[in-house]
Amino acid sequence: MAKWVRYLSLGGLLLIVCLALFIPATTWMHHQVRDAQVVHDSRMAPIILVPGSSATQNRFNSLVTTLNQRTNGHSLLKVTVKTDGTVQTQGRIAPRDVEPYIVIAFENNQDGYNNIKKQARWFDLAFNQLATKYHFNRFNAIGHSNGGLILTLFLAKYYQKSAVTMNKLMTIGTPYNLEESNPHNRTQMLADLIKARKQLPKNLTVYSLAGTQTYDGDGIVPLASVECGKYIFQNQVKHYTQITVSGDDASHSDLPQNQEIEGYIQQYMLAKPNQPGQRIGAGK
Amino acid sequence: MQKLLKQTIQPLMPVVLIGTAAQALLLSVFSKDGFFAQVFDLTKWLPGFHTLHDCCALLTTYTIGLLGLLMAVFAARALTKNDKQLASLVAGIGYLILNTTRMATFSPAIGADGILWGLLFGWLIGFSFNHLPKALVTGGTLLITLGLRLGWDRLATAHVITLNAPRGSWLLWTNSVVAWLGLPAPIDAMMPMLTGTKATANLNAALAHHSLPNPISIGTLYRPYAMFGGVGMTLGLIIAILLIDKRSEKRRLAWWSLPMSVVNLNLPLMLGYRIWLNPLMLIPYFCAPLASCAIAWSALKLHLINTSVYQVPATTPGPMIAWLTTNGNWPALIVSALCLVVSVLIYLPFVKKVSGGEQLG
């Protein structure tokens, strides 16, 4: 009996000592990692917007103006990537603006899978120049139509080589299966993206927004093609959310001006969504 | 041979225990980068932190900081049959002469790193005293050590050799053997952890939320999973002793060395439990870390556990290292526990053998 009590008390003591060590150590480690993360992360985390085919760097002017009216406002930098990889910029990032909008458009803004692959490479070139120039290592991205494809291709092909973190991605009316409305007929591009899905960052949150004018699409992109995004993102990234918007301004090219979508961008993509205040710079 | 070794070590044990205890306090509590100092933020609120740091540092230096020298003295003392006094004196002076150099790398080391050289030197002196005239040995030793010292210095200044930190998978195999010989191990338990180029690349990738470039390396296996209690997973040995060794003297040693083993210092155990230069104990001392590495490697390969990336102090208790360096990965903690259990199982038969076979008090 005495031995039994002795063993029990010894065990209890050991457990108490272990917990007294374990819990503070774990808390301390979490603090250490969080501090390291803060030191590592740049203050600036821009929102990079990529327009679809046939659109220029001015595609998001109206969106940014609306967002700046609704929130505390951020500056807008517009970039067009030439076919030789050089960039031409318009506008500027305001000093101390930690969440500017950067639009990256392409001189060659044609449609087609081969061209989208080229655009993803141009995007990578421009992106690296911007990251070096403005010293940021994290960002969120919004792609309209083919812009979403360019961003997804960038994630699959170039992202792991860069030292930058993409936290959130929003694609608006992005045809993951191009114009194909039958999800069983996978285009070459969709097949390639599904094959490369393991390269997608596990920490990413993805929103895929679709517009519907009819029951099966926004007039240009079939709803089924947008929904094919699930084959790429689901069970690979952290969160994948799909939202379908209908009503006014739900046709493909109106989507970036759609009130609902503006609301989603404000709510999901901006760091401080509902904070009205001083306007740092209006998007023009 | 083993008996002689025992006679040499026995009188040193109090010094080793006090010294290692002081070192454990110094490195884990009274140093800025010590585990307890970091976790409980001791520098901020503990009064007299720096004074205590200095006290522990001095105590360490004057005890195990002189262990090589003491080993030489007591080795000569143990082996010499007549005139132990003179033999120890000559061994001590001779060893000191060998250590008077500007280039510490070329001396046999006066501290705990020099226990093997001290032992060999002391035994050599003792052996000579037993077989040659006293005066000749005394004079000869002084002359030879002086000559060696001077020649060495000349050589050393003429050829400055740069030694790079060794790396490569062969370290896994040799580390235990080198430590067993009493030489400074290539991967020492008190070296900073996860600070190499590969680990830094991993850390950067982890902070950027990218996939890790070097998920499996010595740094992510050996230190987090195979060094509980110091080189050789000796925390497993302590548990094995407490489980089945009936000898009260050895149980006391195990209890005494437990707190030091928690912060990965195992010198008292190495000397007191006769692992050092004992061929029988080399087997588990060699196998336990390798088994742990194999378990951790398999778990990493099967993606059961996260890779260790975040840096922790060297004095972090062994079984907690994997948990903390993965920032709280439960499977990593479970694998650590498994490694500990396996190393206890590896040590058990050997503890059984030495505790049953040895009749000496």
# chains A, B, ... in the order shown; residues from 1 in each chain; ligands from 1
call {"tool": "residues_around", "arguments": {"residues": "Tyr215 (chain A)", "least_positions_apart": "5", "cutoff": "12 Å", "atoms": "only C-alpha atoms", "output": "JSON, numbers by chain"}}
result
{"A": [210, 221, 222, 223, 224, 244, 245, 246, 247, 250, 251]}
call {"tool": "residues_around", "arguments": {"residues": "Met189 (chain A)", "least_positions_apart": "4", "cutoff": "9 Å", "atoms": "only C-alpha atoms", "output": "PyMOL selection string"}}
result
chain A and resi 113+176-178+193-194
call {"tool": "interface_residues", "arguments": {"of": "chain A", "to": "chain B", "cutoff": "12 Å", "atoms": "only C-alpha atoms", "output": "count of residues only"}}
result
50
call {"tool": "select_by_dssp", "arguments": {"residues": "region 84-327 of chain B", "states": "alpha helix (DSSP H)", "output": "PyMOL selection string"}}
result
chain B and resi 84-99+115-131+134-158+170-181+197-207+218-225+234-244+248-262+267-272+279-301+318-325
call {"tool": "atom_distance", "arguments": {"atom1": "CA of Ile102 (chain A)", "atom2": "CA of Gln267 (chain A)"}}
result
18.4 Å
call {"tool": "select_by_dssp", "arguments": {"residues": "region 5-225 of chain A", "states": "strand (DSSP E)", "output": "JSON, numbers by chain"}}
result
{"A": [47, 48, 49, 50, 76, 77, 78, 79, 80, 81, 87, 88, 89, 90, 91, 101, 102, 103, 104, 105, 106, 138, 139, 140, 141, 142, 143, 144, 165, 166, 167, 168, 169, 170, 171, 172, 205, 206, 207, 208, 209, 210, 211, 212]}
call {"tool": "write_last_selection", "arguments": {"atoms": "N, CA and C atoms", "output": "tab-separated table (two decimals), in the first residue's frame"}}
result
chain	number	residue	atom	x	y	z
A	47	ILE	N	-2.73	44.92	-52.97
A	47	ILE	CA	-3.73	44.11	-53.66
A	47	ILE	C	-3.43	44.22	-55.14
A	48	ILE	N	-3.11	43.10	-55.75
A	48	ILE	CA	-2.74	43.11	-57.16
A	48	ILE	C	-3.93	42.68	-57.99
A	49	LEU	N	-4.28	43.52	-58.96
A	49	LEU	CA	-5.45	43.23	-59.78
A	49	LEU	C	-4.99	42.92	-61.19
A	50	VAL	N	-5.52	41.85	-61.76
A	50	VAL	CA	-5.14	41.47	-63.11
A	50	VAL	C	-6.40	41.42	-63.97
A	76	LEU	N	-3.24	53.97	-56.16
A	76	LEU	CA	-3.36	53.04	-57.29
A	76	LEU	C	-2.16	53.18	-58.21
A	77	LEU	N	-1.52	52.05	-58.47
A	77	LEU	CA	-0.41	52.02	-59.42
A	77	LEU	C	-0.83	51.14	-60.57
A	78	LYS	N	-0.68	51.67	-61.78
A	78	LYS	CA	-1.08	50.88	-62.94
A	78	LYS	C	0.15	50.49	-63.74
A	79	VAL	N	0.25	49.23	-64.06
A	79	VAL	CA	1.44	48.71	-64.72
A	79	VAL	C	1.01	47.97	-65.98
A	80	THR	N	1.69	48.28	-67.09
A	80	THR	CA	1.47	47.47	-68.29
A	80	THR	C	2.79	46.78	-68.64
A	81	VAL	N	2.73	45.47	-68.81
A	81	VAL	CA	3.94	44.73	-69.14
A	81	VAL	C	4.03	44.60	-70.65
A	87	VAL	N	8.36	47.07	-68.03
A	87	VAL	CA	7.08	47.57	-67.53
A	87	VAL	C	6.96	49.07	-67.72
A	88	GLN	N	5.73	49.48	-67.91
A	88	GLN	CA	5.43	50.90	-68.05
A	88	GLN	C	4.41	51.21	-66.96
A	89	THR	N	4.71	52.19	-66.13
A	89	THR	CA	3.81	52.42	-65.00
A	89	THR	C	3.13	53.77	-65.09
A	90	GLN	N	1.98	53.83	-64.43
A	90	GLN	CA	1.25	55.09	-64.34
A	90	GLN	C	0.69	55.18	-62.94
A	91	GLY	N	0.71	56.36	-62.36
A	91	GLY	CA	0.26	56.52	-60.97
A	91	GLY	C	1.38	56.16	-60.03
A	101	TYR	N	-3.35	49.52	-54.33
A	101	TYR	CA	-3.81	48.69	-55.43
A	101	TYR	C	-2.78	48.74	-56.54
A	102	ILE	N	-2.41	47.59	-57.07
A	102	ILE	CA	-1.51	47.55	-58.22
A	102	ILE	C	-2.21	46.76	-59.32
A	103	VAL	N	-2.45	47.43	-60.43
A	103	VAL	CA	-3.05	46.74	-61.57
A	103	VAL	C	-1.93	46.30	-62.51
A	104	ILE	N	-1.91	45.03	-62.84
A	104	ILE	CA	-0.90	44.55	-63.79
A	104	ILE	C	-1.62	44.09	-65.05
A	105	ALA	N	-1.44	44.85	-66.14
A	105	ALA	CA	-2.07	44.51	-67.42
A	105	ALA	C	-0.97	44.18	-68.42
A	106	PHE	N	-1.35	43.69	-69.57
A	106	PHE	CA	-0.36	43.23	-70.54
A	106	PHE	C	-0.57	43.91	-71.88
A	138	ARG	N	4.36	40.01	-49.21
A	138	ARG	CA	3.05	39.36	-49.12
A	138	ARG	C	2.05	40.22	-49.87
A	139	PHE	N	1.05	39.59	-50.41
A	139	PHE	CA	0.07	40.34	-51.19
A	139	PHE	C	-1.21	39.52	-51.34
A	140	ASN	N	-2.27	40.21	-51.73
A	140	ASN	CA	-3.52	39.55	-52.08
A	140	ASN	C	-3.79	39.87	-53.54
A	141	ALA	N	-4.52	39.00	-54.22
A	141	ALA	CA	-4.69	39.22	-55.65
A	141	ALA	C	-6.14	39.04	-56.07
A	142	ILE	N	-6.52	39.85	-57.06
A	142	ILE	CA	-7.85	39.74	-57.65
A	142	ILE	C	-7.67	39.63	-59.15
A	143	GLY	N	-8.30	38.64	-59.74
A	143	GLY	CA	-8.20	38.50	-61.19
A	143	GLY	C	-9.58	38.46	-61.80
A	144	HIS	N	-9.79	39.26	-62.83
A	144	HIS	CA	-11.07	39.22	-63.54
A	144	HIS	C	-10.91	38.38	-64.78
A	165	THR	N	4.54	35.73	-50.27
A	165	THR	CA	3.36	34.98	-49.83
A	165	THR	C	2.09	35.61	-50.37
A	166	MET	N	1.25	34.79	-51.01
A	166	MET	CA	-0.07	35.27	-51.39
A	166	MET	C	-1.06	34.71	-50.36
A	167	ASN	N	-1.77	35.60	-49.69
A	167	ASN	CA	-2.68	35.15	-48.65
A	167	ASN	C	-4.08	34.87	-49.19
A	168	LYS	N	-4.56	35.78	-50.05
A	168	LYS	CA	-5.93	35.63	-50.54
A	168	LYS	C	-5.96	35.84	-52.04
A	169	LEU	N	-6.77	35.05	-52.68
A	169	LEU	CA	-6.95	35.19	-54.12
A	169	LEU	C	-8.45	35.24	-54.40
A	170	MET	N	-8.85	36.25	-55.19
A	170	MET	CA	-10.25	36.29	-55.61
A	170	MET	C	-10.29	36.30	-57.12
A	171	THR	N	-11.00	35.36	-57.69
A	171	THR	CA	-11.15	35.37	-59.15
A	171	THR	C	-12.61	35.69	-59.45
A	172	ILE	N	-12.80	36.55	-60.43
A	172	ILE	CA	-14.15	37.01	-60.76
A	172	ILE	C	-14.48	36.55	-62.17
A	205	THR	N	-6.28	31.42	-49.24
A	205	THR	CA	-7.74	31.44	-49.20
A	205	THR	C	-8.23	31.90	-50.57
A	206	VAL	N	-9.10	31.14	-51.19
A	206	VAL	CA	-9.54	31.46	-52.55
A	206	VAL	C	-11.04	31.71	-52.57
A	207	TYR	N	-11.42	32.81	-53.23
A	207	TYR	CA	-12.83	33.07	-53.51
A	207	TYR	C	-13.01	33.07	-55.01
A	208	SER	N	-13.95	32.28	-55.48
A	208	SER	CA	-14.24	32.28	-56.90
A	208	SER	C	-15.65	32.82	-57.08
A	209	LEU	N	-15.73	33.97	-57.75
A	209	LEU	CA	-17.02	34.62	-57.93
A	209	LEU	C	-17.51	34.40	-59.36
A	210	ALA	N	-18.76	34.02	-59.48
A	210	ALA	CA	-19.33	33.83	-60.82
A	210	ALA	C	-20.52	34.76	-60.97
A	211	GLY	N	-20.73	35.23	-62.19
A	211	GLY	CA	-21.92	36.02	-62.45
A	211	GLY	C	-22.89	35.19	-63.28
A	212	THR	N	-24.19	35.40	-63.08
A	212	THR	CA	-25.16	34.69	-63.93
A	212	THR	C	-26.21	35.66	-64.41
call {"tool": "residues_around", "arguments": {"residues": "region 5-11 of chain B", "least_positions_apart": "2", "cutoff": "7 Å", "atoms": "only C-alpha atoms", "output": "ChimeraX atom specification"}}
result
/B:1-3,13,74-75,78,271
call {"tool": "write_last_selection", "arguments": {"atoms": "N, CA and C atoms", "output": "tab-separated table (two decimals), in the first residue's frame"}}
result
chain	number	residue	atom	x	y	z
B	1	MET	N	41.81	-3.01	-16.81
B	1	MET	CA	41.68	-1.73	-17.52
B	1	MET	C	40.45	-0.96	-17.04
B	2	GLN	N	39.28	-1.66	-17.05
B	2	GLN	CA	38.06	-1.00	-16.58
B	2	GLN	C	38.16	-0.65	-15.09
B	3	LYS	N	38.85	-1.51	-14.35
B	3	LYS	CA	39.00	-1.28	-12.92
B	3	LYS	C	39.87	-0.05	-12.66
B	13	MET	N	34.35	12.19	-9.22
B	13	MET	CA	32.89	12.30	-9.39
B	13	MET	C	32.26	13.50	-8.67
B	74	PHE	N	44.83	12.34	-11.59
B	74	PHE	CA	44.27	11.17	-10.92
B	74	PHE	C	44.55	9.88	-11.67
B	75	ALA	N	44.74	9.98	-12.99
B	75	ALA	CA	45.10	8.78	-13.75
B	75	ALA	C	46.49	8.32	-13.32
B	78	ALA	N	46.28	6.80	-9.90
B	78	ALA	CA	45.65	5.48	-9.83
B	78	ALA	C	46.60	4.38	-10.29
B	271	LEU	N	30.65	9.48	-17.07
B	271	LEU	CA	31.76	9.03	-16.22
B	271	LEU	C	31.26	8.11	-15.12
call {"tool": "residues_around", "arguments": {"residues": "Ala37 (chain B)", "least_positions_apart": "4", "cutoff": "10 Å", "atoms": "only C-alpha atoms", "output": "ChimeraX atom specification"}}
result
/B:27-33,41-44,46,49,313
call {"tool": "atom_distance", "arguments": {"atom1": "CA of Asn214 (chain B)", "atom2": "CA of Ala196 (chain A)"}}
result
20.6 Å
call {"tool": "residues_around", "arguments": {"residues": "region 265-269 of chain B", "least_positions_apart": "5", "cutoff": "7 Å", "atoms": "only C-alpha atoms", "output": "count of residues only"}}
result
9
call {"tool": "atom_distance", "arguments": {"atom1": "CA of Ile238 (chain B)", "atom2": "CA of Pro279 (chain B)"}}
result
18.7 Å
call {"tool": "closest_residue", "arguments": {"among": "A:Thr66, A:Thr86, A:Gln236, A:Ser53", "to": "Ile261 (chain A)", "atoms": "only C-alpha atoms"}}
result
A:Thr66
call {"tool": "residues_around", "arguments": {"residues": "Gln234 (chain A)", "least_positions_apart": "6", "cutoff": "10 Å", "atoms": "only C-alpha atoms", "output": "VMD selection string"}}
result
chain A and resid 197 206 240 to 241
call {"tool": "closest_atom_pairs", "arguments": {"of": "region 215-281 of chain B", "to": "region 190-196 of chain B", "cutoff": "10 Å", "atoms": "only C-alpha atoms", "output": "tab-separated table"}}
result
residue	atom	partner	partner_atom	distance
B:Ile218	CA	B:Leu194	CA	9.7
B:Gly219	CA	B:Leu194	CA	6.0
B:Thr220	CA	B:Leu194	CA	7.4
B:Arg223	CA	B:Met193	CA	7.2
B:Pro224	CA	B:Met193	CA	8.8
B:Gly230	CA	B:Met190	CA	8.4
B:Val231	CA	B:Met190	CA	9.9
B:Val263	CA	B:Met190	CA	9.3
B:Asn264	CA	B:Met190	CA	7.7
B:Leu265	CA	B:Met190	CA	8.1
